$ cat protein_9.cif   # mmCIF, C-alpha atoms
data_model
#
loop_
_atom_site.label_atom_id
_atom_site.label_comp_id
_atom_site.auth_asym_id
_atom_site.auth_seq_id
_atom_site.Cartn_x
_atom_site.Cartn_y
_atom_site.Cartn_z
CA MET F 254 11.86 -12.49 -28.83
CA THR F 255 9.54 -11.42 -31.64
CA ALA F 256 10.02 -8.31 -33.75
CA ALA F 257 7.09 -6.67 -31.93
CA GLN F 258 8.65 -7.40 -28.54
CA ASP F 259 11.99 -5.99 -29.69
CA ALA F 260 10.24 -2.86 -30.95
CA VAL F 261 8.45 -2.32 -27.65
CA ARG F 262 11.63 -2.75 -25.62
CA ALA F 263 13.39 -0.30 -27.93
CA ALA F 264 10.53 2.16 -27.38
CA VAL F 265 11.03 1.88 -23.60
CA THR F 266 14.71 2.71 -24.09
CA ASP F 267 13.94 5.65 -26.38
CA ALA F 268 11.57 7.17 -23.81
CA TRP F 269 13.70 6.39 -20.78
CA GLU F 270 14.84 9.95 -20.06
CA ALA F 271 11.24 11.16 -20.31
CA GLU F 272 10.13 8.39 -17.94
CA VAL F 273 12.74 9.40 -15.37
CA GLU F 274 11.60 13.01 -15.57
CA PHE F 275 7.99 11.94 -15.19
CA LEU F 276 8.94 9.94 -12.11
CA ARG F 277 10.76 12.97 -10.71
CA GLY F 278 7.61 14.99 -11.24
CA LEU F 279 5.60 12.42 -9.30
CA VAL F 280 8.02 12.35 -6.37
CA ARG F 281 8.33 16.14 -6.20
CA ARG F 282 4.57 16.44 -5.76
CA ARG F 283 3.95 15.73 -2.10
CA SER F 284 0.96 13.39 -1.90
CA THR F 285 0.41 12.39 1.69
CA ARG F 286 -3.18 11.68 2.70
CA GLY F 287 -5.37 14.63 1.80
CA ASP F 288 -2.88 16.17 -0.65
CA GLU F 289 -3.23 13.88 -3.66
CA ALA F 290 -4.91 16.33 -6.07
CA GLU F 291 -1.75 17.87 -7.52
CA VAL F 292 -0.06 14.58 -8.36
CA GLN F 293 -3.27 13.18 -9.83
CA ALA F 294 -3.59 16.24 -12.07
CA PHE F 295 -0.02 15.57 -13.20
CA VAL F 296 -0.90 11.95 -14.01
CA ALA F 297 -4.01 12.99 -15.93
CA GLN F 298 -1.95 15.46 -17.95
CA GLU F 299 0.46 12.68 -18.93
CA LEU F 300 -2.40 10.40 -19.97
CA ARG F 301 -3.86 13.13 -22.17
CA ALA F 302 -0.45 13.55 -23.83
CA MET F 303 -0.72 9.85 -24.74
CA ASP F 304 -4.09 10.56 -26.44
CA LEU F 305 -5.98 8.81 -23.67
CA ALA F 306 -9.09 10.24 -22.01
CA PRO F 307 -8.64 10.22 -18.24
CA ASP F 308 -11.63 9.84 -15.95
CA VAL F 309 -11.03 11.95 -12.83
CA TRP F 310 -13.41 11.59 -9.88
CA ASP F 311 -13.57 11.99 -6.11
CA VAL F 312 -14.27 8.94 -3.99
CA ASP F 313 -17.92 8.83 -2.86
CA ARG F 314 -17.77 7.43 0.67
CA ASP F 315 -21.51 6.75 0.83
CA ALA F 316 -21.40 4.81 -2.44
CA ILE F 317 -18.75 2.38 -1.17
CA ALA F 318 -19.59 2.22 2.55
CA GLY F 319 -21.84 -0.84 2.22
CA HIS F 320 -19.20 -2.99 0.53
CA ARG F 321 -17.46 -5.75 2.44
CA GLY F 322 -14.06 -4.32 1.48
CA PHE F 323 -14.80 -0.79 2.76
CA SER F 324 -12.51 0.59 5.46
CA PRO F 325 -14.39 2.86 7.92
CA VAL F 326 -13.18 6.46 8.04
CA ASP F 327 -14.45 9.77 9.38
CA TRP F 328 -12.57 12.04 6.98
CA ASP F 329 -13.60 13.73 3.74
CA TYR F 330 -12.78 12.77 0.14
CA ALA F 331 -13.58 16.06 -1.58
CA GLY F 332 -10.79 17.22 -3.89
CA ARG F 333 -8.87 13.94 -3.58
CA PRO F 334 -9.45 12.22 -6.91
CA ASN F 335 -8.77 8.88 -8.49
CA VAL F 336 -7.72 8.78 -12.16
CA ALA F 337 -8.34 6.07 -14.77
CA ALA F 338 -7.97 5.75 -18.53
CA VAL F 339 -8.49 2.90 -20.98
CA LEU F 340 -6.29 2.03 -23.96
CA PRO F 341 -8.86 0.42 -26.28
CA ALA F 342 -8.07 -2.87 -27.93
CA GLY F 343 -6.73 -2.70 -31.46
CA GLY F 344 -8.25 -6.07 -32.29
CA SER F 345 -10.63 -8.62 -30.86
CA GLY F 346 -10.58 -11.97 -29.11
CA GLY F 347 -8.02 -11.12 -26.44
CA ARG F 348 -8.07 -10.71 -22.68
CA SER F 349 -8.18 -7.37 -20.89
CA LEU F 350 -5.66 -6.16 -18.31
CA LEU F 351 -5.85 -3.56 -15.54
CA LEU F 352 -2.69 -1.84 -14.29
CA ASN F 353 -3.23 -0.28 -10.87
CA GLY F 354 -0.97 2.00 -8.83
CA HIS F 355 -1.38 4.20 -5.79
CA VAL F 356 -0.13 7.79 -5.63
CA ASP F 357 -0.53 8.35 -1.89
CA VAL F 358 2.61 8.18 0.25
CA VAL F 359 3.30 8.06 3.97
CA PRO F 360 4.71 11.10 5.81
CA SER F 361 8.44 11.82 5.56
CA THR F 362 8.86 13.04 9.14
CA PRO F 363 11.26 13.54 10.80
CA ASP F 364 12.72 15.22 7.72
CA HIS F 365 15.99 16.04 9.52
CA HIS F 366 16.83 12.32 9.57
CA TRP F 367 17.07 12.29 5.77
CA THR F 368 20.37 12.83 3.96
CA HIS F 369 18.43 13.58 0.74
CA ASP F 370 15.54 15.99 0.29
CA PRO F 371 12.46 13.77 0.78
CA TRP F 372 10.63 15.68 -1.96
CA GLY F 373 13.62 16.46 -4.17
CA ALA F 374 13.77 13.31 -6.35
CA GLU F 375 17.56 13.49 -6.29
CA LEU F 376 19.54 11.20 -8.61
CA SER F 377 22.75 9.54 -7.45
CA ASP F 378 24.39 6.12 -7.52
CA GLY F 379 21.87 4.84 -10.06
CA ARG F 380 19.00 5.60 -7.69
CA MET F 381 16.26 8.14 -7.20
CA TRP F 382 15.79 9.27 -3.62
CA GLY F 383 12.59 10.60 -2.08
CA ARG F 384 9.39 9.75 -0.32
CA GLY F 385 7.33 7.53 -2.56
CA ALA F 386 10.14 7.03 -5.09
CA ALA F 387 9.83 3.29 -4.53
CA ASP F 388 6.43 3.01 -2.82
CA MET F 389 5.07 3.29 -5.37
CA LYS F 390 5.53 6.15 -7.80
CA ALA F 391 8.22 4.25 -9.70
CA GLY F 392 5.64 1.56 -10.40
CA VAL F 393 3.14 4.18 -11.55
CA ALA F 394 5.71 5.58 -13.98
CA ALA F 395 6.55 2.07 -15.21
CA MET F 396 2.97 1.08 -15.95
CA ILE F 397 2.17 4.34 -17.75
CA TYR F 398 5.35 4.21 -19.83
CA ALA F 399 4.79 0.54 -20.62
CA VAL F 400 1.52 1.53 -22.27
CA ARG F 401 3.22 4.48 -23.91
CA ALA F 402 5.86 2.12 -25.38
CA LEU F 403 3.16 -0.07 -26.91
CA GLY F 404 1.78 2.93 -28.75
CA ALA F 405 5.19 4.25 -29.79
CA ALA F 406 6.07 0.83 -31.24
CA GLY F 407 2.78 0.67 -33.14
CA VAL F 408 1.71 -2.47 -31.30
CA GLY F 409 -2.03 -2.91 -30.85
CA LEU F 410 -3.46 -5.40 -28.40
CA ARG F 411 -6.50 -7.66 -28.68
CA GLY F 412 -7.79 -6.62 -25.28
CA ASP F 413 -8.28 -3.32 -23.47
CA VAL F 414 -5.64 -2.09 -21.01
CA THR F 415 -6.84 0.08 -18.13
CA LEU F 416 -4.51 2.39 -16.24
CA GLU F 417 -5.70 3.58 -12.84
CA THR F 418 -4.00 5.61 -10.14
CA VAL F 419 -5.78 5.58 -6.79
CA ILE F 420 -5.58 7.17 -3.36
CA GLU F 421 -5.41 5.72 0.15
CA GLU F 422 -3.66 2.41 -0.47
CA GLU F 423 -1.54 3.26 2.56
CA CYS F 424 -4.45 3.56 4.99
CA THR F 425 -7.74 2.13 3.68
CA GLY F 426 -7.76 0.94 0.07
CA ASN F 427 -10.96 2.92 -0.44
CA GLY F 428 -9.53 4.48 -3.60
CA ALA F 429 -9.14 1.09 -5.29
CA LEU F 430 -12.58 0.04 -4.04
CA SER F 431 -14.11 3.18 -5.54
CA ALA F 432 -12.49 2.44 -8.91
CA LEU F 433 -13.74 -1.14 -8.82
CA LEU F 434 -17.31 -0.10 -8.05
CA ARG F 435 -17.12 2.59 -10.75
CA GLY F 436 -16.78 -0.27 -13.22
CA TYR F 437 -13.06 -0.51 -13.83
CA THR F 438 -12.54 -4.24 -14.15
CA ALA F 439 -10.63 -6.57 -16.47
CA ASP F 440 -9.75 -10.23 -16.89
CA ALA F 441 -6.71 -9.73 -14.62
CA ALA F 442 -4.87 -7.00 -12.73
CA LEU F 443 -1.22 -6.24 -12.15
CA ILE F 444 0.12 -3.79 -9.56
CA PRO F 445 3.79 -2.70 -9.87
CA GLU F 446 4.54 -2.48 -6.13
CA PRO F 447 8.28 -2.33 -5.29
CA PHE F 448 8.80 -6.04 -4.69
CA GLY F 449 12.19 -6.39 -6.35
CA HIS F 450 11.00 -8.22 -9.48
CA ARG F 451 9.20 -10.88 -7.45
CA ALA F 452 5.54 -11.81 -7.80
CA LEU F 453 3.07 -11.61 -4.95
CA ALA F 454 1.64 -15.00 -3.95
CA ALA F 455 -0.18 -14.08 -0.73
CA GLN F 456 -0.63 -11.16 1.65
CA VAL F 457 -1.91 -10.72 5.19
CA GLY F 458 -4.94 -8.77 6.28
CA VAL F 459 -4.44 -5.45 8.07
CA MET F 460 -6.49 -3.45 10.59
CA TRP F 461 -5.87 -0.31 12.61
CA ALA F 462 -6.89 0.09 16.27
CA ARG F 463 -7.09 3.23 18.39
CA ILE F 464 -6.64 2.74 22.14
CA VAL F 465 -7.43 5.55 24.57
CA VAL F 466 -5.86 5.24 28.01
CA ARG F 467 -7.36 7.39 30.77
CA GLY F 468 -5.26 8.91 33.55
CA LEU F 469 -5.84 11.33 36.41
CA GLY F 470 -4.20 14.66 35.68
CA ALA F 471 -2.53 16.93 38.20
CA HIS F 472 0.26 19.44 38.70
CA ALA F 473 3.61 17.67 38.64
CA GLU F 474 4.27 18.70 42.26
CA ARG F 475 1.69 16.09 43.30
CA ALA F 476 2.36 13.52 40.60
CA ASP F 477 2.66 10.77 43.22
CA ALA F 478 -1.06 11.21 43.95
CA ALA F 479 -2.07 11.28 40.27
CA GLN F 480 -2.31 8.66 37.49
CA ASN F 481 0.00 9.26 34.52
CA ALA F 482 -1.80 8.15 31.35
CA ILE F 483 1.45 7.77 29.42
CA VAL F 484 2.93 5.52 32.09
CA LYS F 485 -0.27 3.49 32.18
CA ALA F 486 -0.12 3.19 28.39
CA THR F 487 3.15 1.28 28.71
CA ARG F 488 1.14 -1.54 30.32
CA VAL F 489 -1.06 -1.55 27.25
CA ILE F 490 1.94 -1.63 24.91
CA ASP F 491 3.34 -4.61 26.81
CA ALA F 492 0.01 -6.39 26.32
CA VAL F 493 0.04 -5.64 22.57
CA LEU F 494 3.54 -7.11 22.21
CA ALA F 495 2.63 -10.18 24.27
CA LEU F 496 -0.36 -10.87 22.02
CA GLU F 497 1.82 -10.38 18.94
CA ALA F 498 4.22 -13.04 20.20
CA GLU F 499 1.32 -15.38 20.92
CA VAL F 500 -0.30 -15.16 17.48
CA ASN F 501 3.06 -15.71 15.77
CA ALA F 502 3.53 -18.89 17.80
CA ASP F 503 0.21 -20.30 16.53
CA PRO F 504 0.06 -22.68 13.52
CA ARG F 505 0.44 -20.86 10.21
CA PRO F 506 -1.12 -21.39 6.79
CA PRO F 507 1.21 -22.92 4.15
CA ALA F 508 1.78 -19.57 2.40
CA PHE F 509 3.46 -18.19 5.54
CA ASP F 510 4.84 -21.38 7.05
CA GLY F 511 8.48 -20.52 6.41
CA HIS F 512 8.29 -16.91 7.52
CA PRO F 513 9.95 -16.17 10.90
CA HIS F 514 7.47 -13.47 11.97
CA PRO F 515 4.46 -13.07 9.65
CA LEU F 516 2.06 -11.13 11.90
CA ASN F 517 3.24 -7.72 13.05
CA TYR F 518 1.40 -5.67 15.67
CA ASN F 519 2.98 -2.26 15.31
CA VAL F 520 2.49 0.56 17.82
CA GLY F 521 2.71 3.34 15.25
CA ILE F 522 1.49 6.43 17.11
CA VAL F 523 1.73 7.41 20.77
CA SER F 524 0.09 10.72 21.65
CA GLY F 525 -0.18 12.01 25.21
CA GLY F 526 0.46 15.01 27.40
CA ASP F 527 0.66 18.71 26.66
CA TRP F 528 2.92 20.15 29.35
CA ALA F 529 6.08 18.86 31.04
CA SER F 530 4.86 19.99 34.47
CA SER F 531 1.40 18.42 34.08
CA VAL F 532 0.55 14.77 34.69
CA PRO F 533 -1.11 13.70 31.40
CA GLU F 534 -4.80 12.95 31.64
CA GLU F 535 -4.97 10.88 28.45
CA CYS F 536 -2.73 8.88 26.11
CA VAL F 537 -3.81 7.62 22.69
CA LEU F 538 -2.13 4.68 20.95
CA GLU F 539 -2.68 3.71 17.32
CA VAL F 540 -1.75 0.13 16.47
CA ARG F 541 -1.55 -1.78 13.22
CA LEU F 542 -2.69 -5.43 13.45
CA SER F 543 -2.48 -8.19 10.89
CA ALA F 544 -4.19 -11.51 10.18
CA TYR F 545 -3.75 -14.47 7.86
CA PRO F 546 -5.76 -14.90 4.64
CA GLY F 547 -9.13 -16.36 5.46
CA GLU F 548 -9.21 -15.20 9.08
CA ASP F 549 -12.42 -13.55 10.27
CA LEU F 550 -11.52 -9.91 10.92
CA ASP F 551 -14.26 -9.48 13.51
CA ARG F 552 -12.82 -12.40 15.46
CA VAL F 553 -9.31 -10.92 15.26
CA GLN F 554 -10.60 -7.60 16.56
CA TRP F 555 -12.57 -9.19 19.42
CA ARG F 556 -9.52 -11.22 20.44
CA PHE F 557 -7.34 -8.12 20.42
CA ARG F 558 -9.76 -6.08 22.52
CA ASP F 559 -10.54 -8.87 25.00
CA ARG F 560 -6.95 -9.95 25.51
CA LEU F 561 -5.79 -6.36 25.88
CA LEU F 562 -8.34 -5.54 28.55
CA ALA F 563 -7.69 -8.81 30.37
CA ALA F 564 -3.95 -8.14 30.42
CA VAL F 565 -4.24 -4.74 32.11
CA ARG F 566 -6.71 -5.75 34.84
CA GLY F 567 -3.79 -6.41 37.16
CA ASP F 568 -3.33 -2.65 37.40
CA PRO F 569 -5.89 -1.30 39.89
CA TRP F 570 -6.35 1.99 38.04
CA LEU F 571 -6.77 0.35 34.61
CA ALA F 572 -9.09 -2.27 36.09
CA GLU F 573 -11.38 0.50 37.29
CA HIS F 574 -10.83 2.71 34.22
CA PRO F 575 -10.27 0.29 31.32
CA PRO F 576 -8.89 1.63 28.04
CA THR F 577 -11.31 2.08 25.16
CA VAL F 578 -10.53 0.27 21.91
CA GLU F 579 -11.97 1.23 18.54
CA PHE F 580 -11.08 0.11 15.02
CA PHE F 581 -10.82 2.55 12.13
CA ALA F 582 -9.41 2.94 8.61
CA PHE F 583 -7.77 -0.30 7.45
CA ARG F 584 -10.12 -3.25 7.41
CA ALA F 585 -8.25 -5.30 4.84
CA GLU F 586 -8.69 -9.02 4.39
CA GLY F 587 -5.73 -11.18 3.45
CA CYS F 588 -5.69 -13.02 0.14
CA GLU F 589 -3.80 -15.62 -1.89
CA LEU F 590 -3.27 -16.18 -5.62
CA ARG F 591 -3.17 -19.65 -7.09
CA SER F 592 0.23 -20.51 -8.55
CA ASP F 593 -1.35 -21.86 -11.76
CA GLU F 594 -3.17 -18.64 -12.66
CA PRO F 595 -2.60 -17.87 -16.37
CA LEU F 596 -1.66 -14.28 -15.50
CA LEU F 597 1.41 -15.60 -13.69
CA ALA F 598 2.40 -17.56 -16.79
CA SER F 599 2.41 -14.36 -18.85
CA LEU F 600 4.38 -12.55 -16.16
CA ARG F 601 6.89 -15.40 -15.82
CA GLY F 602 7.57 -15.37 -19.55
CA ALA F 603 8.07 -11.60 -19.67
CA HIS F 604 10.31 -11.65 -16.60
CA GLN F 605 12.41 -14.45 -18.12
CA ASP F 606 12.78 -12.53 -21.39
CA VAL F 607 13.90 -9.31 -19.64
CA ARG F 608 15.81 -10.63 -16.62
CA GLY F 609 17.05 -13.94 -18.04
CA GLU F 610 16.11 -15.85 -14.89
CA PRO F 611 13.06 -17.59 -13.39
CA LEU F 612 10.46 -15.50 -11.59
CA GLU F 613 10.31 -15.87 -7.80
CA SER F 614 7.11 -15.54 -5.78
CA PHE F 615 6.76 -14.56 -2.13
CA SER F 616 4.21 -14.02 0.63
CA PHE F 617 3.93 -10.46 1.87
CA THR F 618 3.46 -9.51 5.54
CA GLY F 619 1.75 -6.28 4.50
CA THR F 620 -1.29 -5.54 2.37
CA THR F 621 -1.80 -4.15 -1.13
CA ASP F 622 -4.81 -3.25 -3.26
CA ALA F 623 -4.55 -6.67 -4.93
CA ARG F 624 -7.11 -7.94 -2.42
CA PHE F 625 -9.95 -6.05 -4.07
CA PHE F 626 -9.48 -7.83 -7.38
CA ASN F 627 -8.79 -11.29 -5.97
CA LEU F 628 -11.54 -11.31 -3.32
CA TYR F 629 -14.36 -9.16 -4.69
CA ALA F 630 -14.13 -9.06 -8.49
CA GLY F 631 -13.11 -12.55 -9.59
CA MET F 632 -9.99 -11.01 -11.14
CA PRO F 633 -6.65 -12.75 -10.59
CA ALA F 634 -4.21 -10.06 -9.44
CA THR F 635 -0.59 -10.00 -8.40
CA CYS F 636 2.11 -7.42 -7.76
CA TYR F 637 5.43 -7.09 -9.58
CA GLY F 638 7.64 -4.03 -9.52
CA PRO F 639 11.09 -2.48 -9.13
CA LEU F 640 13.77 -2.76 -6.47
CA GLY F 641 13.80 -0.15 -3.72
CA GLY F 642 14.67 0.39 -0.10
CA ALA F 643 13.90 2.35 3.09
CA LEU F 644 10.17 2.23 2.44
CA HIS F 645 8.27 4.19 5.13
CA ALA F 646 11.64 5.33 6.48
CA PRO F 647 14.18 8.13 5.87
CA ASP F 648 16.14 8.06 2.59
CA GLU F 649 13.69 5.98 0.59
CA TRP F 650 15.16 5.06 -2.80
CA VAL F 651 14.43 3.15 -5.98
CA ASP F 652 16.93 1.52 -8.33
CA LEU F 653 16.43 3.21 -11.72
CA ASP F 654 17.61 0.30 -13.86
CA SER F 655 15.03 -1.89 -12.14
CA VAL F 656 12.35 0.68 -13.06
CA ARG F 657 13.34 0.45 -16.73
CA ARG F 658 13.24 -3.35 -16.60
CA THR F 659 9.88 -3.27 -14.85
CA THR F 660 8.54 -1.09 -17.65
CA GLU F 661 9.69 -3.67 -20.19
CA VAL F 662 8.22 -6.58 -18.22
CA LEU F 663 4.85 -4.87 -17.87
CA ALA F 664 4.70 -4.13 -21.59
CA LEU F 665 5.64 -7.69 -22.57
CA THR F 666 3.20 -9.13 -20.04
CA ALA F 667 0.40 -7.06 -21.57
CA MET F 668 1.33 -8.30 -25.03
CA ASP F 669 1.24 -11.94 -24.00
CA TRP F 670 -1.84 -11.65 -21.82
CA CYS F 671 -3.96 -9.53 -24.14
CA GLY F 672 -2.56 -10.83 -27.41
CA VAL F 673 -1.11 -8.74 -30.21
CA ALA F 674 -3.51 -7.55 -32.91
CA ASP F 675 -2.75 -8.32 -36.54
#
$ encode --input "protein_9.cif" --output "structure tokens"
Amino acid sequence: MTAAQDAVRAAVTDAWEAEVEFLRGLVRRRSTRGDEAEVQAFVAQELRAMDLAPDVWDVDRDAIAGHRGFSPVDWDYAGRPNVAAVLPAGGSGGRSLLLNGHVDVVPSTPDHHWTHDPWGAELSDGRMWGRGAADMKAGVAAMIYAVRALGAAGVGLRGDVTLETVIEEECTGNGALSALLRGYTADAALIPEPFGHRALAAQVGVMWARIVVRGLGAHAERADAAQNAIVKATRVIDAVLALEAEVNADPRPPAFDGHPHPLNYNVGIVSGGDWASSVPEECVLEVRLSAYPGEDLDRVQWRFRDRLLAAVRGDPWLAEHPPTVEFFAFRAEGCELRSDEPLLASLRGAHQDVRGEPLESFSFTGTTDARFFNLYAGMPATCYGPLGGALHAPDEWVDLDSVRRTTEVLALTAMDWCGVAD
């Protein structure tokens, strides 16, 4: 360890209580889709306190809609900003780094299944509990306080460091795409997702499908002469699960060869009926699909639609009234990162210095915003962040010591990647 590295790690320790309070402030600000403005204002305020100049802007759907990485949506982006700020280089001749994090979180419902307040940011057993504590507000706190530690230690870098917090990682990625097209690029990107101090090597592609099943409504007293859309939807769910089993039995790319179940087709929403004594006329299913890196997403969608409709033709009602299938929101391609990328060398060294052990890599069966940098900007990007649990479930938590160590690793990675100014 150099004297500069020791000084930066000491600065992380000195600001640790402030970092925990900042993380609590993030978690306590509910930021499900459509409600990101308050937490982004809180982030911008913290950046200004670090003498940075945050750029705050709303996503312009029309400006990004023509890009290959755009995810189609029908909702509005007004009042739902992204935030970015640049720490200028203190020297020259180095490489630039972009630190990206998302502030949006998934819903906490049903809240009565939690044993901790989902928006309380409670501290116990060395953990912080709450929706988004791990995914990924802890990573946002770590990347901001890593940059803060560099300044507190008086360490200048030979390349710019960009901090950006974006919306909609959990449903489209359009926030990260907007930041990219606004001009926020660098020689590499690092995203502190809660991957337990492992580096991302590959990730699947993700799409969302909406399936509308038609029934024939009636009063329940004559249900035997009607067609229950919810009951008919169970045939569709069976077809989804059968296709999921089939695609997981197909040959896999090397990055996912050892994974027992890499492609998950998740029936995430079932909506049907409005009265217990009425036969439901319609049932809507929303399904999350996935695909391997390099797969054609149009082909995956056609296969899903065709196989689904073929599977339900054995039901006379569904054969005559086939479900409709549309795709919306997530249209995320999978991606891989070469193991010899120089960014990984910087990350491995920092991880070894802080953790005292070699860095592990893994292939992720979900998606992250890393795809935008790797696929569309020529920027090597990986994810590395703290340890957490119960993501997208009740009683989400993050291990606080792992957040502190992540902060140190991010700061040391920036020093090695960008270079330290004289």
$ closest_residue --input "protein_9.cif" --among "F:Glu375, F:Asp593, F:Glu586, F:Glu497" --to "Phe557 (chain F)" --atoms "all atoms listed in the file"
F:Glu497
$ residues_near_point --input "protein_9.cif" --point "(-1.4, -0.6, 14.6)" --cutoff "7 Å" --atoms "all atoms listed in the file" --output "PyMOL selection string"
chain F and resi 461-462+518-521+539-542
$ residues_around --input "protein_9.cif" --residues "Pro546 (chain F)" --least-positions-apart "3" --cutoff "9 Å" --atoms "only C-alpha atoms" --output "ChimeraX atom specification"
/F:455-458,506,549,586-589
$ atom_distance --input "protein_9.cif" --atom1 "CA of Arg624 (chain F)" --atom2 "CA of Arg658 (chain F)"
25.2 Å
$ closest_residue --input "protein_9.cif" --among "F:Ala439, F:Leu571, F:Ala634, F:Leu550" --to "Val484 (chain F)" --atoms "all atoms listed in the file"
F:Leu571
$ closest_residue --input "protein_9.cif" --among "F:Val607, F:Val523, F:Leu430, F:Leu640" --to "Met254 (chain F)" --atoms "all atoms listed in the file"
F:Val607
$ atom_distance --input "protein_9.cif" --atom1 "CA of Ile420 (chain F)" --atom2 "CA of Glu289 (chain F)"
7.1 Å
$ resolve_selection --input "protein_9.cif" --expression "the PyMOL selection byres ((chain F and resi 283) around 12)" --output "MDAnalysis selection string"
chainID F and resid 277:282 284:293 295 356:361 370:374 383:386 390
$ residues_around --input "protein_9.cif" --residues "Thr425 (chain F)" --least-positions-apart "5" --cutoff "6 Å" --atoms "only C-alpha atoms" --output "PDB file with C-alpha atoms, in the coordinates of the input"
ATOM      1  CA  SER F 324     -12.510   0.590   5.460  1.00  0.00           C
ATOM      2  CA  ALA F 582      -9.410   2.940   8.610  1.00  0.00           C
ATOM      3  CA  PHE F 583      -7.770  -0.300   7.450  1.00  0.00           C
TER       4      PHE F 583
END
$ resolve_selection --input "protein_9.cif" --expression "the PyMOL selection byres ((chain F and resi 591) around 12)" --output "list in words"
Ala452, Leu453, Ala454, Ala455, Ala508, Cys588, Glu589, Leu590, Ser592, Asp593, Glu594, Pro595, Leu596, Leu597, Ala598, Ser614, Asn627, Met632, Pro633, Ala634 and Thr635 of chain F
$ atom_distance --input "protein_9.cif" --atom1 "CA of Ala391 (chain F)" --atom2 "CA of Ala667 (chain F)"
18.2 Å
